[in-house]
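Source file upload_17.cif; content: mmCIF, C-alpha atoms.
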```cif
data_protein
#
loop_
_atom_site.group_PDB
_atom_site.id
_atom_site.type_symbol
_atom_site.label_atom_id
_atom_site.label_comp_id
_atom_site.auth_asym_id
_atom_site.auth_seq_id
_atom_site.Cartn_x
_atom_site.Cartn_y
_atom_site.Cartn_z
ATOM 1 C CA ALA S 1 -9.081 20.285 1.276
ATOM 2 C CA PRO S 2 -9.589 20.379 -2.485
ATOM 3 C CA LEU S 3 -7.500 17.961 -4.489
ATOM 4 C CA ALA S 4 -6.545 17.518 -8.109
ATOM 5 C CA GLY S 5 -9.527 17.547 -10.406
ATOM 6 C CA GLY S 6 -11.697 19.307 -7.797
ATOM 7 C CA ALA S 7 -12.196 16.165 -5.710
ATOM 8 C CA GLN S 8 -12.521 16.613 -1.967
ATOM 9 C CA GLY S 9 -10.095 14.970 0.472
ATOM 10 C CA GLY S 10 -11.416 12.356 2.877
ATOM 11 C CA GLY S 11 -13.713 10.871 0.259
ATOM 12 C CA GLY S 12 -13.834 7.180 -0.421
ATOM 13 C CA ASP S 13 -12.074 6.745 -3.737
ATOM 14 C CA VAL S 14 -9.517 9.561 -3.960
ATOM 15 C CA PRO S 15 -6.281 9.698 -1.951
ATOM 16 C CA HIS S 16 -5.927 12.599 0.410
ATOM 17 C CA ILE S 17 -3.179 14.141 2.468
ATOM 18 C CA ALA S 18 -3.646 13.135 6.099
ATOM 19 C CA MET S 19 -0.638 15.175 7.245
ATOM 20 C CA GLU S 20 1.804 17.456 5.471
ATOM 21 C CA LEU S 21 5.089 18.737 6.808
ATOM 22 C CA GLN S 22 7.605 20.849 4.914
ATOM 23 C CA ASP S 23 9.593 17.805 3.734
ATOM 24 C CA ARG S 24 7.223 14.822 4.019
ATOM 25 C CA LEU S 25 3.615 13.714 3.651
ATOM 26 C CA VAL S 26 1.318 11.086 5.049
ATOM 27 C CA ILE S 27 -1.215 10.090 2.404
ATOM 28 C CA LEU S 28 -4.381 8.087 3.016
ATOM 29 C CA LYS S 29 -4.499 5.644 0.075
ATOM 30 C CA PRO S 30 -7.960 4.256 -0.690
ATOM 31 C CA PRO S 31 -8.475 0.792 -2.196
ATOM 32 C CA GLY S 32 -7.951 0.604 -5.948
ATOM 33 C CA TRP S 33 -4.912 2.894 -6.122
ATOM 34 C CA GLU S 34 -1.498 1.479 -7.033
ATOM 35 C CA VAL S 35 1.638 2.565 -5.193
ATOM 36 C CA ASP S 36 3.789 2.748 -8.321
ATOM 37 C CA GLN S 37 7.349 3.383 -7.241
ATOM 38 C CA GLY S 38 9.153 2.414 -10.430
ATOM 39 C CA PRO S 39 9.133 3.435 -14.077
ATOM 40 C CA PRO S 40 5.818 3.323 -15.940
ATOM 41 C CA ARG S 41 4.867 -0.108 -17.270
ATOM 42 C CA ARG S 42 3.247 -0.035 -20.696
ATOM 43 C CA PRO S 43 2.962 -3.581 -21.976
ATOM 44 C CA ALA S 44 2.341 -4.356 -25.644
ATOM 45 C CA GLY S 45 -1.295 -3.811 -26.496
ATOM 46 C CA PHE S 46 -1.776 -0.907 -24.029
ATOM 47 C CA SER S 47 -5.489 -0.033 -24.247
ATOM 48 C CA THR S 48 -7.932 2.629 -23.062
ATOM 49 C CA GLU S 49 -8.801 0.346 -20.115
ATOM 50 C CA ASP S 50 -5.129 0.541 -19.146
ATOM 51 C CA GLU S 51 -5.294 4.333 -19.439
ATOM 52 C CA GLU S 52 -8.186 4.340 -16.939
ATOM 53 C CA ALA S 53 -6.121 2.208 -14.548
ATOM 54 C CA GLU S 54 -3.135 4.527 -15.036
ATOM 55 C CA ARG S 55 -5.196 7.406 -13.671
ATOM 56 C CA ARG S 56 -5.314 5.511 -10.355
ATOM 57 C CA LEU S 57 -1.562 5.546 -9.845
ATOM 58 C CA LEU S 58 -0.424 7.246 -6.658
ATOM 59 C CA SER S 59 2.414 8.914 -8.580
ATOM 60 C CA SER S 60 -0.202 10.660 -10.752
ATOM 61 C CA PHE S 61 -1.897 11.930 -7.601
ATOM 62 C CA LEU S 62 1.426 13.241 -6.236
ATOM 63 C CA LEU S 63 2.271 14.971 -9.521
ATOM 64 C CA SER S 64 -1.195 16.571 -9.740
ATOM 65 C CA MET S 65 -1.048 18.126 -6.257
ATOM 66 C CA ALA S 66 0.726 21.298 -7.361
ATOM 67 C CA PRO S 67 1.655 23.207 -10.514
ATOM 68 C CA SER S 68 4.545 21.540 -12.360
ATOM 69 C CA SER S 69 6.953 24.258 -11.231
ATOM 70 C CA MET S 70 6.280 23.300 -7.582
ATOM 71 C CA VAL S 71 6.317 19.481 -7.881
ATOM 72 C CA ALA S 72 8.971 17.903 -5.692
ATOM 73 C CA PRO S 73 11.689 16.452 -7.990
ATOM 74 C CA ILE S 74 11.714 13.202 -5.983
ATOM 75 C CA PHE S 75 8.104 12.487 -7.134
ATOM 76 C CA GLU S 76 9.521 11.834 -10.623
ATOM 77 C CA ASP S 77 12.643 9.967 -9.472
ATOM 78 C CA THR S 78 12.053 6.230 -9.831
ATOM 79 C CA LEU S 79 15.497 5.434 -8.372
ATOM 80 C CA HIS S 80 14.170 6.886 -5.116
ATOM 81 C CA ARG S 81 10.761 5.188 -5.489
ATOM 82 C CA ARG S 82 9.074 8.524 -6.234
ATOM 83 C CA GLY S 83 9.544 9.392 -2.552
ATOM 84 C CA MET S 84 7.235 6.568 -1.429
ATOM 85 C CA LEU S 85 8.980 4.663 1.351
ATOM 86 C CA HIS S 86 6.781 1.577 1.384
ATOM 87 C CA ARG S 87 3.816 0.179 -0.472
ATOM 88 C CA LEU S 88 0.314 -1.099 0.102
ATOM 89 C CA ASP S 89 -1.390 -3.645 -2.123
ATOM 90 C CA VAL S 90 -3.916 -2.219 -4.616
ATOM 91 C CA PRO S 91 -6.987 -3.643 -2.798
ATOM 92 C CA SER S 92 -5.752 -2.252 0.561
ATOM 93 C CA SER S 93 -6.260 1.148 2.094
ATOM 94 C CA GLY S 94 -4.033 2.842 4.619
ATOM 95 C CA LEU S 95 -1.482 5.497 5.419
ATOM 96 C CA LEU S 96 1.631 5.864 3.297
ATOM 97 C CA LEU S 97 4.820 7.807 4.111
ATOM 98 C CA VAL S 98 6.052 9.972 1.254
ATOM 99 C CA ALA S 99 9.206 12.087 1.264
ATOM 100 C CA LYS S 100 9.145 15.444 -0.535
ATOM 101 C CA THR S 101 12.928 15.857 -0.367
ATOM 102 C CA TYR S 102 15.904 13.531 -0.689
ATOM 103 C CA GLU S 103 16.996 14.345 2.867
ATOM 104 C CA ALA S 104 13.557 13.340 4.195
ATOM 105 C CA TYR S 105 13.671 10.162 2.079
ATOM 106 C CA TYR S 106 16.904 8.981 3.693
ATOM 107 C CA ASP S 107 15.763 10.087 7.143
ATOM 108 C CA LEU S 108 12.529 8.096 6.843
ATOM 109 C CA LEU S 109 14.364 5.137 5.272
ATOM 110 C CA LEU S 110 16.728 5.048 8.259
ATOM 111 C CA GLN S 111 13.806 5.208 10.700
ATOM 112 C CA LEU S 112 11.956 2.384 8.904
ATOM 113 C CA SER S 113 15.070 0.216 8.624
ATOM 114 C CA SER S 114 15.998 0.632 12.290
ATOM 115 C CA GLY S 115 12.488 -0.044 13.572
ATOM 116 C CA LEU S 116 11.861 3.487 14.862
ATOM 117 C CA VAL S 117 8.723 3.648 12.722
ATOM 118 C CA VAL S 118 6.265 0.882 13.516
ATOM 119 C CA ARG S 119 3.529 -0.145 11.099
ATOM 120 C CA ASP S 120 0.233 -1.333 12.532
ATOM 121 C CA TYR S 121 -2.461 -2.857 10.347
ATOM 122 C CA ALA S 122 -6.028 -3.874 11.089
ATOM 123 C CA ALA S 123 -7.558 -6.730 9.108
ATOM 124 C CA LEU S 124 -11.022 -8.203 8.963
ATOM 125 C CA VAL S 125 -10.572 -11.936 8.442
ATOM 126 C CA HIS S 126 -13.158 -14.415 7.203
ATOM 127 C CA GLY S 127 -12.777 -17.627 9.186
ATOM 128 C CA TRP S 128 -11.503 -18.430 12.644
ATOM 129 C CA VAL S 129 -8.156 -17.207 13.973
ATOM 130 C CA GLU S 130 -6.985 -18.787 17.207
ATOM 131 C CA PRO S 131 -6.696 -16.173 19.979
ATOM 132 C CA GLU S 132 -3.319 -17.653 20.974
ATOM 133 C CA LEU S 133 -1.761 -16.915 17.557
ATOM 134 C CA ALA S 134 0.904 -14.277 18.206
ATOM 135 C CA GLU S 135 3.322 -14.349 15.238
ATOM 136 C CA ILE S 136 3.401 -15.445 11.626
ATOM 137 C CA SER S 137 6.922 -15.835 10.250
ATOM 138 C CA ALA S 138 7.356 -16.762 6.593
ATOM 139 C CA ARG S 139 9.341 -15.957 3.472
ATOM 140 C CA VAL S 140 7.021 -14.189 1.040
ATOM 141 C CA GLY S 141 7.573 -13.682 -2.686
ATOM 142 C CA SER S 142 5.767 -13.286 -5.981
ATOM 143 C CA PRO S 143 3.902 -16.276 -7.439
ATOM 144 C CA HIS S 144 6.328 -18.830 -8.941
ATOM 145 C CA GLY S 145 7.586 -17.938 -12.395
ATOM 146 C CA VAL S 146 6.220 -14.385 -12.193
ATOM 147 C CA SER S 147 8.436 -11.353 -11.719
ATOM 148 C CA ARG S 148 7.449 -8.906 -8.996
ATOM 149 C CA GLU S 149 6.829 -6.214 -11.631
ATOM 150 C CA SER S 150 4.460 -8.360 -13.681
ATOM 151 C CA ALA S 151 2.709 -9.878 -10.654
ATOM 152 C CA GLY S 152 0.366 -6.896 -10.805
ATOM 153 C CA HIS S 153 -2.345 -7.011 -8.207
ATOM 154 C CA ARG S 154 -1.779 -10.597 -7.080
ATOM 155 C CA PRO S 155 -0.795 -11.026 -3.443
ATOM 156 C CA GLY S 156 2.531 -12.514 -2.436
ATOM 157 C CA GLN S 157 2.831 -16.184 -1.609
ATOM 158 C CA VAL S 158 4.904 -18.143 0.870
ATOM 159 C CA ASP S 159 8.167 -18.983 -0.910
ATOM 160 C CA GLU S 160 10.683 -20.613 1.430
ATOM 161 C CA LYS S 161 13.458 -20.649 -1.212
ATOM 162 C CA SER S 162 13.628 -17.110 -2.578
ATOM 163 C CA GLY S 163 11.004 -15.115 -0.674
ATOM 164 C CA LYS S 164 11.804 -12.132 1.500
ATOM 165 C CA HIS S 165 11.601 -12.747 5.255
ATOM 166 C CA SER S 166 8.399 -11.409 6.770
ATOM 167 C CA LEU S 167 7.333 -11.303 10.400
ATOM 168 C CA THR S 168 3.797 -10.367 11.345
ATOM 169 C CA ARG S 169 2.661 -10.031 14.935
ATOM 170 C CA VAL S 170 -1.026 -10.792 15.366
ATOM 171 C CA LYS S 171 -3.413 -9.742 18.098
ATOM 172 C CA VAL S 172 -6.967 -11.024 17.834
ATOM 173 C CA LEU S 173 -9.213 -8.195 18.988
ATOM 174 C CA ALA S 174 -12.615 -9.836 18.588
ATOM 175 C CA HIS S 175 -14.576 -12.640 16.987
ATOM 176 C CA ALA S 176 -17.962 -12.170 15.361
ATOM 177 C CA VAL S 177 -20.543 -14.777 14.524
ATOM 178 C CA ARG S 178 -23.314 -14.286 12.005
ATOM 179 C CA ARG S 179 -26.457 -16.227 12.621
ATOM 180 C CA GLY S 180 -28.797 -16.885 9.727
ATOM 181 C CA ARG S 181 -31.435 -19.172 8.403
ATOM 182 C CA GLY S 182 -30.191 -22.446 6.936
ATOM 183 C CA GLY S 183 -31.983 -24.380 4.223
ATOM 184 C CA GLY S 184 -33.840 -26.533 6.759
ATOM 185 C CA GLY S 185 -35.502 -23.625 8.539
ATOM 186 C CA GLY S 186 -33.457 -23.975 11.752
ATOM 187 C CA GLU S 187 -30.919 -21.475 12.959
ATOM 188 C CA GLN S 188 -27.302 -22.311 12.258
ATOM 189 C CA GLU S 189 -23.941 -20.591 12.553
ATOM 190 C CA GLN S 190 -22.304 -19.537 9.322
#
```
How does the structure come out when it is put into structure tokens?
Amino acid sequence: APLAGGAQGGGGDVPHIAMELQDRLVILKPPGWEVDQGPPRRPAGFSTEDEEAERRLLSSFLLSMAPSSMVAPIFEDTLHRRGMLHRLDVPSSGLLLVAKTYEAYYDLLLQLSSGLVVRDYAALVHGWVEPELAEISARVGSPHGVSRESAGHRPGQVDEKSGKHSLTRVKVLAHAVRRGRGGGGGEQEQ
């Protein structure tokens, strides 16, 4: 389906609507797009590079989907996170729930909070993960001394004092080994 700016959905670097219902959307967010749920951040010294980055805000995509007379009011409401119920880090890709109405927002929020909606993620990990590892429980927060808003694209860190509780269930699906030539001419695992 055509998207804003004539781009085609399903492509690599433009979000696209994976599913649309009357009151909610599921958007496939590609890497490099920010799930910006709050008010715009324009730090001192805002430059043209920042303007380029601003074009990769998911809120801009939502607002460009339809003529301004048809844009869902919640897409501009930062108190309701622009209708976006959760977030994905900028380097990540994945599906994102977005409410088009306030009723859908609270319905989805209730489902997420009560565990009726389950989020599954797949990750490709460099290094060895023990097959027996089943859960990772930690308190995760922004890097020390950095507010969540100004943390930008940096991942969260374990913060046992003020971090938010996080529980991740892990299932190792496979291990891969790359064999290559070492400096001495013999084969070695890398």
message: Can you pull out the residues contacting Ser93 (chain S)? Cut-off 9 Å, using all atoms listed in the file, and skip same-chain residues under 3 positions away; I want them as a list in words.
response: Leu28, Lys29, Pro30, Pro31, Gly32, Trp33, Leu88, Asp89 and Val90 of chain S
- request: Could you give me, as a ChimeraX atom specification, the residues that have an atom at most 7 Å away from the point (6.8, -18.5, 1.9) in the coordinates of the file, using only C-alpha atoms?
  value: /S:138-141,157-160,163
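One finds CA of Ser137 (chain S) at 29.5 Å from CA of Arg82 (chain S).
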message: Set the distance at 10 Å and use all atoms listed in the file: which residues neighbour Trp128 (chain S) once local chain neighbours fewer than 5 positions away are removed? I'd like the list as a ChimeraX atom specification.
response: /S:175-177
Suppose we keep C-alpha atoms; can you now write the selection as a PDB file, in the frame of the given file?
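Result saved to again.pdb:
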```pdb
ATOM      1  CA  HIS S 175     -14.576 -12.640  16.987  1.00  0.00           C
ATOM      2  CA  ALA S 176     -17.962 -12.170  15.361  1.00  0.00           C
ATOM      3  CA  VAL S 177     -20.543 -14.777  14.524  1.00  0.00           C
TER       4      VAL S 177
END
```
query: CA of Val129 (chain S) and CA of Val172 (chain S) are how many Å apart?
result: 7.4 Å
Can you list, as a tab-separated table (two decimals) with C-alpha atoms, in the coordinates of the input, every protein, DNA or RNA residue that comes within 12 Å of Leu95 (chain S) when you count only C-alpha atoms, leaving out same-chain residues fewer than 6 positions away?
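Contents of the output file around.tsv:
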```tsv
chain	number	residue	atom	x	y	z
S	15	PRO	CA	-6.28	9.70	-1.95
S	16	HIS	CA	-5.93	12.60	0.41
S	17	ILE	CA	-3.18	14.14	2.47
S	18	ALA	CA	-3.65	13.14	6.10
S	19	MET	CA	-0.64	15.18	7.24
S	25	LEU	CA	3.62	13.71	3.65
S	26	VAL	CA	1.32	11.09	5.05
S	27	ILE	CA	-1.22	10.09	2.40
S	28	LEU	CA	-4.38	8.09	3.02
S	29	LYS	CA	-4.50	5.64	0.08
S	30	PRO	CA	-7.96	4.26	-0.69
S	31	PRO	CA	-8.48	0.79	-2.20
S	35	VAL	CA	1.64	2.56	-5.19
S	84	MET	CA	7.24	6.57	-1.43
S	85	LEU	CA	8.98	4.66	1.35
S	86	HIS	CA	6.78	1.58	1.38
S	87	ARG	CA	3.82	0.18	-0.47
S	88	LEU	CA	0.31	-1.10	0.10
S	89	ASP	CA	-1.39	-3.64	-2.12
S	119	ARG	CA	3.53	-0.14	11.10
S	120	ASP	CA	0.23	-1.33	12.53
S	121	TYR	CA	-2.46	-2.86	10.35
S	122	ALA	CA	-6.03	-3.87	11.09
```
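The two atoms in question, CA of His165 (chain S) and CA of Tyr102 (chain S), are spaced 27.3 Å apart.
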Can you pull out every residue within 12 Å of Leu173 (chain S), counting only C-alpha atoms, but drop anything in the same chain fewer than 3 positions away, and send it as a PDB file with C-alpha atoms, in the coordinates of the input?
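Result file part_22.pdb:
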```
ATOM      1  CA  ALA S 122      -6.028  -3.874  11.089  1.00  0.00           C
ATOM      2  CA  ALA S 123      -7.558  -6.730   9.108  1.00  0.00           C
ATOM      3  CA  LEU S 124     -11.022  -8.203   8.963  1.00  0.00           C
ATOM      4  CA  VAL S 125     -10.572 -11.936   8.442  1.00  0.00           C
ATOM      5  CA  VAL S 129      -8.156 -17.207  13.973  1.00  0.00           C
ATOM      6  CA  GLU S 130      -6.985 -18.787  17.207  1.00  0.00           C
ATOM      7  CA  PRO S 131      -6.696 -16.173  19.979  1.00  0.00           C
ATOM      8  CA  GLU S 132      -3.319 -17.653  20.974  1.00  0.00           C
ATOM      9  CA  LEU S 133      -1.761 -16.915  17.557  1.00  0.00           C
ATOM     10  CA  ALA S 134       0.904 -14.277  18.206  1.00  0.00           C
ATOM     11  CA  VAL S 170      -1.026 -10.792  15.366  1.00  0.00           C
ATOM     12  CA  ALA S 176     -17.962 -12.170  15.361  1.00  0.00           C
TER      13      ALA S 176
END
```
Contacts of Pro39 (chain S) at 12 Å or less, counting all atoms listed in the file, minus same-chain residues fewer than 5 places along, as an mmCIF file with C-alpha atoms, keeping the file's coordinate frame?
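Output contents, as saved in part11.cif:
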```cif
data_model
loop_
_atom_site.group_PDB
_atom_site.id
_atom_site.type_symbol
_atom_site.label_atom_id
_atom_site.label_comp_id
_atom_site.auth_asym_id
_atom_site.auth_seq_id
_atom_site.Cartn_x
_atom_site.Cartn_y
_atom_site.Cartn_z
ATOM 1 C CA LEU S 57 -1.562 5.546 -9.845
ATOM 2 C CA SER S 59 2.414 8.914 -8.580
ATOM 3 C CA PHE S 75 8.104 12.487 -7.134
ATOM 4 C CA GLU S 76 9.521 11.834 -10.623
ATOM 5 C CA ASP S 77 12.643 9.967 -9.472
ATOM 6 C CA THR S 78 12.053 6.230 -9.831
ATOM 7 C CA LEU S 79 15.497 5.434 -8.372
ATOM 8 C CA HIS S 80 14.170 6.886 -5.116
ATOM 9 C CA ARG S 81 10.761 5.188 -5.489
ATOM 10 C CA ARG S 82 9.074 8.524 -6.234
ATOM 11 C CA GLU S 149 6.829 -6.214 -11.631
#
```
- request: Using the chain letters and residue numbers of this document, give as number ranges by chain the residues selected by the PyMOL selection byres ((chain S and resi 99) around 8).
  value: S: 23-25, 74, 83-85, 97-98, 100-102, 104-105, 108
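Across S:Ser162, S:Ser92, S:Thr168, S:Gln22, the tightest approach to Ala72 (chain S) is made by S:Gln22 when counting all atoms listed in the file.
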task: Between S:Leu167, S:Leu110, S:Val14, S:Pro73, single out the one closest to Phe61 (chain S), counting only C-alpha atoms.
output: S:Val14
Where atoms are lacking, region 99-110 of chain S completed to all heavy atoms, as a short mmCIF file (atom, residue, chain, number, x, y, z; two decimals), in the frame of the given file:
```cif
data_model
loop_
_atom_site.label_atom_id
_atom_site.label_comp_id
_atom_site.auth_asym_id
_atom_site.auth_seq_id
_atom_site.Cartn_x
_atom_site.Cartn_y
_atom_site.Cartn_z
N ALA S 99 8.22 11.02 1.09
CA ALA S 99 9.21 12.09 1.26
C ALA S 99 9.05 13.09 0.14
O ALA S 99 8.84 12.73 -1.02
CB ALA S 99 10.62 11.50 1.26
N LYS S 100 9.18 14.38 0.46
CA LYS S 100 9.14 15.44 -0.54
C LYS S 100 10.55 15.92 -0.89
O LYS S 100 10.72 16.65 -1.87
CB LYS S 100 8.32 16.62 -0.01
CG LYS S 100 6.84 16.28 0.13
CD LYS S 100 6.05 17.28 0.94
CE LYS S 100 6.12 18.70 0.51
NZ LYS S 100 5.26 19.58 1.34
N THR S 101 11.54 15.49 -0.10
CA THR S 101 12.93 15.86 -0.37
C THR S 101 13.79 14.60 -0.24
O THR S 101 13.38 13.62 0.40
CB THR S 101 13.46 16.91 0.63
OG1 THR S 101 13.54 16.32 1.93
CG2 THR S 101 12.58 18.15 0.66
N TYR S 102 14.99 14.67 -0.79
CA TYR S 102 15.90 13.53 -0.69
C TYR S 102 16.37 13.35 0.76
O TYR S 102 16.52 12.23 1.24
CB TYR S 102 17.09 13.70 -1.64
CG TYR S 102 16.66 13.56 -3.09
CD1 TYR S 102 16.38 14.69 -3.86
CD2 TYR S 102 16.51 12.31 -3.67
CE1 TYR S 102 15.96 14.56 -5.18
CE2 TYR S 102 16.10 12.17 -4.98
CZ TYR S 102 15.82 13.30 -5.73
OH TYR S 102 15.40 13.17 -7.03
N GLU S 103 16.58 14.44 1.47
CA GLU S 103 17.00 14.34 2.87
C GLU S 103 15.92 13.64 3.69
O GLU S 103 16.22 12.76 4.50
CB GLU S 103 17.26 15.74 3.44
CG GLU S 103 17.80 15.71 4.85
CD GLU S 103 18.14 17.09 5.37
OE1 GLU S 103 18.16 18.07 4.60
OE2 GLU S 103 18.40 17.18 6.59
N ALA S 104 14.66 13.99 3.48
CA ALA S 104 13.56 13.34 4.20
C ALA S 104 13.46 11.86 3.81
O ALA S 104 13.17 11.01 4.65
CB ALA S 104 12.24 14.05 3.90
N TYR S 105 13.72 11.56 2.54
CA TYR S 105 13.67 10.16 2.08
C TYR S 105 14.65 9.30 2.88
O TYR S 105 14.29 8.25 3.41
CB TYR S 105 14.00 10.10 0.58
CG TYR S 105 14.04 8.71 0.02
CD1 TYR S 105 12.87 8.07 -0.39
CD2 TYR S 105 15.24 8.03 -0.09
CE1 TYR S 105 12.91 6.79 -0.90
CE2 TYR S 105 15.29 6.75 -0.61
CZ TYR S 105 14.12 6.13 -1.01
OH TYR S 105 14.16 4.85 -1.51
N TYR S 106 15.90 9.77 2.98
CA TYR S 106 16.90 8.98 3.69
C TYR S 106 16.66 8.98 5.20
O TYR S 106 16.92 7.98 5.87
CB TYR S 106 18.32 9.45 3.33
CG TYR S 106 18.69 8.99 1.94
CD1 TYR S 106 18.73 9.88 0.88
CD2 TYR S 106 18.93 7.64 1.68
CE1 TYR S 106 19.04 9.45 -0.40
CE2 TYR S 106 19.24 7.20 0.40
CZ TYR S 106 19.29 8.10 -0.63
OH TYR S 106 19.58 7.66 -1.90
N ASP S 107 16.11 10.05 5.73
CA ASP S 107 15.76 10.09 7.14
C ASP S 107 14.66 9.06 7.45
O ASP S 107 14.77 8.26 8.39
CB ASP S 107 15.30 11.50 7.54
CG ASP S 107 14.85 11.57 8.99
OD1 ASP S 107 15.61 11.15 9.89
OD2 ASP S 107 13.72 12.05 9.23
N LEU S 108 13.63 9.05 6.64
CA LEU S 108 12.53 8.10 6.84
C LEU S 108 12.99 6.66 6.58
O LEU S 108 12.59 5.74 7.30
CB LEU S 108 11.34 8.45 5.94
CG LEU S 108 10.58 9.71 6.33
CD1 LEU S 108 9.62 10.12 5.23
CD2 LEU S 108 9.84 9.50 7.64
N LEU S 109 13.84 6.46 5.57
CA LEU S 109 14.36 5.14 5.27
C LEU S 109 15.15 4.60 6.47
O LEU S 109 15.00 3.43 6.86
CB LEU S 109 15.24 5.19 4.02
CG LEU S 109 15.72 3.87 3.45
CD1 LEU S 109 14.55 3.00 3.03
CD2 LEU S 109 16.63 4.13 2.25
N LEU S 110 15.97 5.44 7.08
CA LEU S 110 16.73 5.05 8.26
C LEU S 110 15.79 4.68 9.41
O LEU S 110 15.97 3.67 10.08
CB LEU S 110 17.67 6.18 8.68
CG LEU S 110 18.49 5.92 9.94
CD1 LEU S 110 19.46 4.75 9.72
CD2 LEU S 110 19.26 7.17 10.34
#
```
